[in-house]
file run-v1.txt (compact mmCIF, C-alpha atoms and all ligand atoms)
# COMPACT_ATOMS: atom_id res chain seq x y z
CA ARG A 1 -7.41 72.01 83.23
CA GLU A 2 -8.29 74.34 86.08
CA MET A 3 -11.23 76.50 85.08
CA GLY A 4 -10.67 80.23 85.39
CA LYS A 5 -13.43 82.73 85.93
CA PRO A 6 -15.51 83.48 82.88
CA LYS A 7 -14.73 86.91 81.45
CA VAL A 8 -17.84 88.89 80.71
CA CYS A 9 -18.62 91.75 78.36
CA PHE A 10 -22.16 93.10 78.71
CA VAL A 11 -23.70 94.39 75.48
CA LEU A 12 -26.30 97.10 75.95
CA GLY A 13 -28.25 99.49 73.74
CA GLY A 14 -31.84 100.21 72.78
CA PRO A 15 -34.27 97.75 71.23
CA GLY A 16 -33.03 97.30 67.66
CA ALA A 17 -29.68 98.99 68.30
CA GLY A 18 -28.04 95.88 66.84
CA LYS A 19 -26.89 93.98 69.93
CA GLY A 20 -27.61 90.53 68.50
CA THR A 21 -26.08 91.39 65.14
CA ALA A 22 -22.88 92.78 66.65
CA CYS A 23 -22.56 89.77 68.97
CA GLU A 24 -22.93 87.33 66.07
CA PHE A 25 -20.19 89.20 64.25
CA LEU A 26 -17.87 88.88 67.26
CA VAL A 27 -18.70 85.18 67.58
CA LYS A 28 -17.67 84.55 63.98
CA LYS A 29 -14.60 86.73 64.04
CA HIS A 30 -13.22 86.08 67.53
CA GLY A 31 -14.90 82.89 68.69
CA LEU A 32 -16.58 84.33 71.75
CA ALA A 33 -19.64 82.82 73.34
CA HIS A 34 -22.85 84.82 72.96
CA LEU A 35 -25.62 84.70 75.53
CA SER A 36 -28.69 86.76 74.67
CA ALA A 37 -30.82 87.24 77.79
CA GLY A 38 -33.84 87.87 75.56
CA ASP A 39 -33.24 84.66 73.57
CA LEU A 40 -32.83 82.63 76.78
CA LEU A 41 -36.11 84.05 78.11
CA ARG A 42 -37.90 83.29 74.83
CA GLU A 43 -36.59 79.71 75.01
CA GLU A 44 -37.64 79.31 78.63
CA ARG A 45 -41.08 80.69 77.76
CA LYS A 46 -41.72 77.84 75.35
CA ARG A 47 -40.04 75.08 77.37
CA ALA A 48 -42.58 72.46 78.41
CA GLY A 49 -42.96 72.42 82.15
CA SER A 50 -41.59 75.89 82.71
CA THR A 51 -43.29 77.66 85.61
CA TYR A 52 -42.42 81.04 84.19
CA GLY A 53 -43.81 80.88 80.65
CA GLU A 54 -46.77 83.17 81.21
CA LEU A 55 -44.88 85.64 83.36
CA ILE A 56 -42.12 85.90 80.75
CA GLU A 57 -44.56 86.38 77.88
CA SER A 58 -46.47 89.07 79.73
CA CYS A 59 -43.25 90.99 80.46
CA ILE A 60 -42.09 90.65 76.85
CA VAL A 61 -45.30 92.04 75.32
CA GLN A 62 -45.50 94.79 77.94
CA GLY A 63 -41.84 95.65 77.41
CA THR A 64 -41.18 95.29 81.13
CA ILE A 65 -38.28 93.49 82.75
CA VAL A 66 -38.48 89.92 84.00
CA PRO A 67 -37.51 89.40 87.69
CA VAL A 68 -33.77 89.01 87.91
CA GLU A 69 -33.82 85.62 89.65
CA ILE A 70 -35.20 84.07 86.46
CA THR A 71 -32.91 85.80 83.97
CA CYS A 72 -29.81 85.46 86.10
CA LYS A 73 -30.32 81.72 86.62
CA LEU A 74 -30.80 81.18 82.87
CA LEU A 75 -27.60 83.10 82.16
CA GLU A 76 -25.64 81.26 84.85
CA ASN A 77 -26.84 77.85 83.65
CA ALA A 78 -26.02 78.66 80.02
CA MET A 79 -22.59 79.92 80.98
CA ASN A 80 -21.79 76.88 83.10
CA LYS A 81 -22.91 74.56 80.32
CA ILE A 82 -20.59 76.20 77.79
CA MET A 83 -17.67 76.28 80.25
CA THR A 84 -18.11 72.62 81.15
CA GLU A 85 -18.63 71.36 77.59
CA SER A 86 -15.56 73.23 76.37
CA ASN A 87 -13.51 72.05 79.34
CA GLY A 88 -12.94 75.66 80.33
CA GLU A 89 -11.53 76.61 76.92
CA GLN A 90 -14.49 78.84 76.15
CA ASP A 91 -14.32 81.41 78.91
CA LYS A 92 -15.17 84.66 77.13
CA PHE A 93 -18.80 85.68 77.13
CA LEU A 94 -20.86 88.39 75.54
CA ILE A 95 -23.99 88.90 77.63
CA ASP A 96 -26.47 90.63 75.35
CA GLY A 97 -29.35 92.73 76.70
CA PHE A 98 -28.60 92.41 80.43
CA PRO A 99 -28.47 94.05 83.02
CA ARG A 100 -31.41 96.30 82.08
CA ASN A 101 -32.33 97.89 85.42
CA LEU A 102 -31.21 98.23 89.01
CA ASP A 103 -32.94 94.98 90.04
CA ASN A 104 -30.94 93.17 87.32
CA LEU A 105 -27.68 94.79 88.36
CA GLU A 106 -28.12 94.09 92.06
CA GLY A 107 -29.36 90.55 91.44
CA TRP A 108 -26.40 89.73 89.21
CA THR A 109 -23.91 91.23 91.67
CA LYS A 110 -25.41 89.22 94.50
CA GLN A 111 -25.80 85.90 92.69
CA MET A 112 -22.58 86.01 90.68
CA ASP A 113 -20.37 87.65 93.30
CA GLY A 114 -16.82 86.46 92.70
CA LYS A 115 -17.86 83.94 90.04
CA THR A 116 -17.29 86.09 86.96
CA ASP A 117 -14.83 88.70 85.84
CA ASP A 118 -17.06 91.49 84.50
CA ARG A 119 -14.74 93.44 82.22
CA ILE A 120 -16.62 96.03 80.18
CA VAL A 121 -19.93 97.18 78.77
CA LEU A 122 -20.17 97.51 75.03
CA TYR A 123 -22.73 100.25 74.48
CA LEU A 124 -24.32 100.36 71.05
CA ASN A 125 -25.58 103.89 70.68
CA CYS A 126 -28.30 104.35 68.07
CA PRO A 127 -31.07 106.97 67.76
CA LEU A 128 -34.45 105.45 68.59
CA GLU A 129 -35.87 106.58 65.20
CA VAL A 130 -33.30 104.33 63.53
CA CYS A 131 -34.09 101.51 65.97
CA GLU A 132 -37.78 101.89 65.23
CA ALA A 133 -37.27 101.65 61.46
CA ARG A 134 -35.16 98.51 61.92
CA ILE A 135 -37.62 96.78 64.22
CA MET A 136 -40.63 97.63 62.07
CA GLU A 137 -38.82 96.18 59.07
CA ARG A 138 -37.90 93.06 61.03
CA ALA A 139 -41.52 92.81 62.28
CA LYS A 140 -42.60 91.72 58.79
CA THR A 141 -40.85 88.37 59.29
CA SER A 142 -39.61 87.95 62.88
CA GLY A 143 -42.74 86.54 64.49
CA ARG A 144 -41.66 88.17 67.78
CA SER A 145 -44.70 89.06 69.88
CA ASP A 146 -43.05 92.37 70.82
CA ASP A 147 -42.24 93.44 67.26
CA ASN A 148 -45.20 95.76 66.76
CA ILE A 149 -45.46 99.48 67.29
CA GLU A 150 -47.40 99.31 70.60
CA ALA A 151 -44.97 96.91 72.27
CA LEU A 152 -42.00 98.73 70.75
CA ARG A 153 -43.06 102.06 72.30
CA LYS A 154 -43.20 100.30 75.68
CA ARG A 155 -39.75 98.78 75.12
CA PHE A 156 -38.40 102.25 74.31
CA LYS A 157 -39.96 103.67 77.48
CA THR A 158 -38.39 100.97 79.66
CA TYR A 159 -35.07 101.52 77.93
CA GLU A 160 -35.19 105.27 78.58
CA GLU A 161 -36.43 104.94 82.16
CA SER A 162 -34.39 101.97 83.38
CA THR A 163 -31.59 100.78 81.12
CA LYS A 164 -29.99 104.14 80.34
CA GLY A 165 -29.28 104.63 84.04
CA ILE A 166 -27.43 101.32 84.14
CA ILE A 167 -25.27 102.39 81.19
CA GLU A 168 -24.55 105.66 83.02
CA HIS A 169 -23.65 103.70 86.14
CA TYR A 170 -21.06 101.72 84.17
CA ARG A 171 -19.84 104.88 82.45
CA GLY A 172 -19.24 106.38 85.88
CA ILE A 173 -16.92 103.52 86.80
CA GLY A 174 -15.05 103.73 83.49
CA LYS A 175 -16.37 100.49 82.01
CA VAL A 176 -18.29 101.72 78.98
CA ARG A 177 -16.96 101.35 75.44
CA GLU A 178 -19.28 103.08 73.02
CA VAL A 179 -19.92 102.42 69.35
CA ASP A 180 -22.22 104.38 67.01
CA SER A 181 -24.46 101.54 65.83
CA SER A 182 -26.51 103.67 63.43
CA GLN A 183 -23.76 102.98 60.89
CA SER A 184 -23.84 100.10 58.42
CA LYS A 185 -23.56 96.54 59.76
CA GLU A 186 -20.04 96.33 58.29
CA ALA A 187 -18.92 99.55 59.99
CA VAL A 188 -20.40 98.47 63.34
CA GLY A 189 -18.81 95.03 62.99
CA ASP A 190 -15.46 96.66 62.31
CA ALA A 191 -15.74 99.02 65.26
CA VAL A 192 -16.75 96.34 67.78
CA SER A 193 -14.07 94.03 66.48
CA LYS A 194 -11.36 96.67 66.97
CA LEU A 195 -12.66 97.39 70.45
CA TRP A 196 -12.54 93.71 71.26
CA SER A 197 -8.97 93.33 70.02
CA ARG A 198 -7.80 96.42 71.89
CA THR A 199 -9.48 95.98 75.23
CA LEU A 200 -10.46 92.40 75.79
CA ALA A 201 -8.75 89.80 73.66
N1 LIG B 1 -29.71 95.63 62.02
C1 LIG B 1 -28.84 95.40 63.04
N2 LIG B 1 -27.75 96.17 62.91
C2 LIG B 1 -27.93 96.93 61.81
C3 LIG B 1 -27.14 97.94 61.16
N3 LIG B 1 -25.96 98.33 61.64
N4 LIG B 1 -27.64 98.53 60.04
C4 LIG B 1 -28.87 98.16 59.55
N5 LIG B 1 -29.66 97.21 60.11
C5 LIG B 1 -29.20 96.61 61.23
O1 LIG B 1 -31.10 94.05 65.05
C6 LIG B 1 -32.43 94.47 64.88
C7 LIG B 1 -32.72 94.56 63.38
O2 LIG B 1 -31.89 95.56 62.80
C8 LIG B 1 -32.41 93.27 62.64
O3 LIG B 1 -33.35 93.10 61.62
C9 LIG B 1 -31.00 93.51 62.06
O4 LIG B 1 -30.78 92.80 60.88
C10 LIG B 1 -31.03 95.00 61.83
P1 LIG B 1 -30.67 93.14 66.30
O5 LIG B 1 -29.23 92.81 66.14
O6 LIG B 1 -31.63 92.05 66.48
O7 LIG B 1 -30.84 94.24 67.46
P2 LIG B 1 -31.03 94.02 69.03
O8 LIG B 1 -30.43 95.22 69.69
O9 LIG B 1 -30.54 92.69 69.43
O10 LIG B 1 -32.63 94.11 69.08
P3 LIG B 1 -33.65 93.32 69.99
O11 LIG B 1 -34.99 93.53 69.39
O12 LIG B 1 -33.22 91.94 70.25
O13 LIG B 1 -33.51 94.19 71.32
P4 LIG B 1 -34.33 94.20 72.63
O14 LIG B 1 -33.43 94.77 73.62
O15 LIG B 1 -35.63 94.89 72.47
O16 LIG B 1 -34.73 92.67 72.83
P5 LIG B 1 -34.22 91.54 73.82
O17 LIG B 1 -34.39 90.27 73.15
O18 LIG B 1 -32.92 91.88 74.39
O19 LIG B 1 -35.32 91.64 74.98
C11 LIG B 1 -36.67 91.40 74.70
C12 LIG B 1 -37.50 91.49 75.96
O20 LIG B 1 -37.11 90.45 76.85
C13 LIG B 1 -37.36 92.77 76.77
O21 LIG B 1 -38.17 93.82 76.30
C14 LIG B 1 -37.79 92.30 78.16
O22 LIG B 1 -39.17 92.21 78.26
C15 LIG B 1 -37.19 90.89 78.19
N6 LIG B 1 -35.86 90.86 78.82
C16 LIG B 1 -35.80 90.90 80.21
O23 LIG B 1 -36.83 90.99 80.89
N7 LIG B 1 -34.58 90.82 80.82
C17 LIG B 1 -33.42 90.73 80.12
O24 LIG B 1 -32.34 90.66 80.75
C18 LIG B 1 -33.48 90.69 78.72
C19 LIG B 1 -34.71 90.77 78.09
MG MG B 2 -31.44 91.00 70.36

call {"tool": "encode", "arguments": {"input": "run-v1.txt", "output": "C-alpha cells"}}
result
Amino acid sequence: REMGKPKVCFVLGGPGAGKGTACEFLVKKHGLAHLSAGDLLREERKRAGSTYGELIESCIVQGTIVPVEITCKLLENAMNKIMTESNGEQDKFLIDGFPRNLDNLEGWTKQMDGKTDDRIVLYLNCPLEVCEARIMERAKTSGRSDDNIEALRKRFKTYEESTKGIIEHYRGIGKVREVDSSQSKEAVGDAVSKLWSRTLA
C-alpha cells in the first residue's frame, strides 16, 4: 500500500498541563500514535553510546530546550518506524511537547518540509498554579530529574518566554484548538476526544 504523508497534531501547553495524559486518552479512544518529544529525549539520554546524553540531561534539569537537530531526528525516526511497522496504516500522530521555540519550529519546517501534513495544534490551557500543584504531587513518585521546584520554575520561565510565542504563531494562522485542561481528567479527555472527532478524524 502506498504510504501517505503522516498527519500531525502538535500538543502544547505548560509543564504539567496534562499533555501526556490527554495523548494517552486519545491513543486508547481513537488509536492514534503518540510521540512525546520529552520521552524520546529521556530515552536517548539513557541509551548506551548516545553522544547527546549529557547535553540532554543538562537541558532537562535547566529547563532549557535541546537543539532541534536532536529532537527532530528522534521524532522523525520514531515516526518512520511506526509508519513502516504498520505498513502505513498508522499515519496519525500526536506530537507532544514540540515545537517549543522558534529554533524548534524552524528546524522542523526545514527538516520535515513536505514530509508531513501538519494539521493542528491542540493547546492545553492550564493556570501555572494548577500545573505546579500537579507536578509537585507527581514529584513524590516520578523520579524525573526536573520534577522539583527549582527545575520547575525554570521550565515555567522557558514556557512563558519561548513556547507561548509558538502557540500564538499557530493561533495567528488559525491552527490552534484550545481546551481548558484545569478541569478533571475525564472532562479534558472528553473535550479532546470531541475535538479530534470534529476536526481530525
Ligand atoms: N494530571 C494530568 N491531567 C490532569 C487533570 N486533568 N486533572 C488532574 N491531574 C492531572 O500530567 C502531569 C501530572 O498531572 C500527572 O501526574 C497527571 O496524572 C496529572 P502530564 O500528563 O504528565 O502533563 P504534561 O503536560 O505531559 O507534563 P510534563 O511534565 O511531561 O510536561 P513538560 O512539558 O514539562 O515535559 P516534557 O517531557 O515535554 O519536557 C521535558 C523537558 O525536555 C523540557 O523541559 C526540555 O528540557 C526538554 N524538551 C526539549 O528540549 N525539547 C522538546 O521538544 C521537548 C522536551
Ligand atoms: Mg509529558

call {"tool": "residues_around", "arguments": {"input": "run-v1.txt", "residues": "stretch 107-123 of chain A", "least_positions_apart": "4", "cutoff": "6 Å", "atoms": "only C-alpha atoms", "output": "PDB file with C-alpha atoms, keeping the file's coordinate frame"}}
result
ATOM      1  CA  LYS A   5     -13.430  82.730  85.930  1.00  0.00           C
ATOM      2  CA  PRO A   6     -15.510  83.480  82.880  1.00  0.00           C
ATOM      3  CA  LYS A   7     -14.730  86.910  81.450  1.00  0.00           C
ATOM      4  CA  VAL A   8     -17.840  88.890  80.710  1.00  0.00           C
ATOM      5  CA  CYS A   9     -18.620  91.750  78.360  1.00  0.00           C
ATOM      6  CA  PHE A  10     -22.160  93.100  78.710  1.00  0.00           C
ATOM      7  CA  VAL A  11     -23.700  94.390  75.480  1.00  0.00           C
ATOM      8  CA  LEU A  12     -26.300  97.100  75.950  1.00  0.00           C
ATOM      9  CA  GLY A  13     -28.250  99.490  73.740  1.00  0.00           C
ATOM     10  CA  VAL A  68     -33.770  89.010  87.910  1.00  0.00           C
ATOM     11  CA  ASP A 103     -32.940  94.980  90.040  1.00  0.00           C
ATOM     12  CA  LYS A 175     -16.370 100.490  82.010  1.00  0.00           C
ATOM     13  CA  VAL A 176     -18.290 101.720  78.980  1.00  0.00           C
ATOM     14  CA  ARG A 177     -16.960 101.350  75.440  1.00  0.00           C
ATOM     15  CA  GLU A 178     -19.280 103.080  73.020  1.00  0.00           C
TER      16      GLU A 178
END

call {"tool": "residues_near_ligand", "arguments": {"input": "run-v1.txt", "ligand": "ligand MG 2 (chain B)", "cutoff": "12 Å", "atoms": "only C-alpha atoms and all ligand atoms", "output": "ChimeraX atom specification"}}
result
/A:11-24,34-42,95-98,124,131,134-135,138,142,144,146-147

call {"tool": "write_last_selection", "arguments": {"input": "run-v1.txt", "atoms": "C-alpha atoms", "output": "mmCIF file, in the frame of the given file"}}
result
data_model
loop_
_atom_site.group_PDB
_atom_site.id
_atom_site.type_symbol
_atom_site.label_atom_id
_atom_site.label_comp_id
_atom_site.auth_asym_id
_atom_site.auth_seq_id
_atom_site.Cartn_x
_atom_site.Cartn_y
_atom_site.Cartn_z
ATOM 1 C CA VAL A 11 -23.700 94.390 75.480
ATOM 2 C CA LEU A 12 -26.300 97.100 75.950
ATOM 3 C CA GLY A 13 -28.250 99.490 73.740
ATOM 4 C CA GLY A 14 -31.840 100.210 72.780
ATOM 5 C CA PRO A 15 -34.270 97.750 71.230
ATOM 6 C CA GLY A 16 -33.030 97.300 67.660
ATOM 7 C CA ALA A 17 -29.680 98.990 68.300
ATOM 8 C CA GLY A 18 -28.040 95.880 66.840
ATOM 9 C CA LYS A 19 -26.890 93.980 69.930
ATOM 10 C CA GLY A 20 -27.610 90.530 68.500
ATOM 11 C CA THR A 21 -26.080 91.390 65.140
ATOM 12 C CA ALA A 22 -22.880 92.780 66.650
ATOM 13 C CA CYS A 23 -22.560 89.770 68.970
ATOM 14 C CA GLU A 24 -22.930 87.330 66.070
ATOM 15 C CA HIS A 34 -22.850 84.820 72.960
ATOM 16 C CA LEU A 35 -25.620 84.700 75.530
ATOM 17 C CA SER A 36 -28.690 86.760 74.670
ATOM 18 C CA ALA A 37 -30.820 87.240 77.790
ATOM 19 C CA GLY A 38 -33.840 87.870 75.560
ATOM 20 C CA ASP A 39 -33.240 84.660 73.570
ATOM 21 C CA LEU A 40 -32.830 82.630 76.780
ATOM 22 C CA LEU A 41 -36.110 84.050 78.110
ATOM 23 C CA ARG A 42 -37.900 83.290 74.830
ATOM 24 C CA ILE A 95 -23.990 88.900 77.630
ATOM 25 C CA ASP A 96 -26.470 90.630 75.350
ATOM 26 C CA GLY A 97 -29.350 92.730 76.700
ATOM 27 C CA PHE A 98 -28.600 92.410 80.430
ATOM 28 C CA LEU A 124 -24.320 100.360 71.050
ATOM 29 C CA CYS A 131 -34.090 101.510 65.970
ATOM 30 C CA ARG A 134 -35.160 98.510 61.920
ATOM 31 C CA ILE A 135 -37.620 96.780 64.220
ATOM 32 C CA ARG A 138 -37.900 93.060 61.030
ATOM 33 C CA SER A 142 -39.610 87.950 62.880
ATOM 34 C CA ARG A 144 -41.660 88.170 67.780
ATOM 35 C CA ASP A 146 -43.050 92.370 70.820
ATOM 36 C CA ASP A 147 -42.240 93.440 67.260
#

call {"tool": "atom_distance", "arguments": {"input": "run-v1.txt", "atom1": "atom CA of A:Gly172", "atom2": "atom CA of A:Tyr159"}}
result
18.4 Å

call {"tool": "closest_residue", "arguments": {"input": "run-v1.txt", "among": "A:Glu76, A:Glu69, A:Glu160, A:Glu137", "to": "ligand LIG 1 (chain B)", "atoms": "only C-alpha atoms and all ligand atoms"}}
result
A:Glu137

call {"tool": "atom_distance", "arguments": {"input": "run-v1.txt", "atom1": "atom CA of A:Val61", "atom2": "atom CA of A:Arg153"}}
result
10.7 Å

call {"tool": "atom_distance", "arguments": {"input": "run-v1.txt", "atom1": "atom CA of A:Leu105", "atom2": "atom CA of A:Asp180"}}
result
24.0 Å

call {"tool": "axis_aligned_box", "arguments": {"input": "run-v1.txt", "around": "ligand LIG 1 (chain B)", "padding_each_side": "6 Å", "output": "JSON"}}
result
{"center_x": -32.6, "center_y": 94.4, "center_z": 70.2, "size_x": 25.2, "size_y": 20.3, "size_z": 33.3}

call {"tool": "closest_residue", "arguments": {"input": "run-v1.txt", "among": "A:Met3, A:Met79, A:Leu102, A:Leu94", "to": "A:Gly165", "atoms": "only C-alpha atoms"}}
result
A:Leu102

call {"tool": "closest_residue", "arguments": {"input": "run-v1.txt", "among": "A:Ser86, A:Thr199, A:Thr163, A:Ser50", "to": "ligand LIG 1 (chain B)", "atoms": "only C-alpha atoms and all ligand atoms"}}
result
A:Thr163

call {"tool": "residues_around", "arguments": {"input": "run-v1.txt", "residues": "A:Ala33", "least_positions_apart": "2", "cutoff": "8 Å", "atoms": "all atoms listed in the file", "output": "PyMOL selection string"}}
result
chain A and resi 27+31+35+90-94

call {"tool": "closest_residue", "arguments": {"input": "run-v1.txt", "among": "A:Ala191, A:Leu26, A:Leu152, A:Ala133", "to": "A:Gly63", "atoms": "only C-alpha atoms"}}
result
A:Leu152

call {"tool": "closest_residue", "arguments": {"input": "run-v1.txt", "among": "A:Leu75, A:Ala187, A:Ile65, A:Ala201", "to": "ligand LIG 1 (chain B)", "atoms": "only C-alpha atoms and all ligand atoms"}}
result
A:Ile65

call {"tool": "closest_residue", "arguments": {"input": "run-v1.txt", "among": "A:Lys157, A:Arg100, A:Lys140, A:Lys164", "to": "ligand LIG 1 (chain B)", "atoms": "all atoms listed in the file"}}
result
A:Arg100
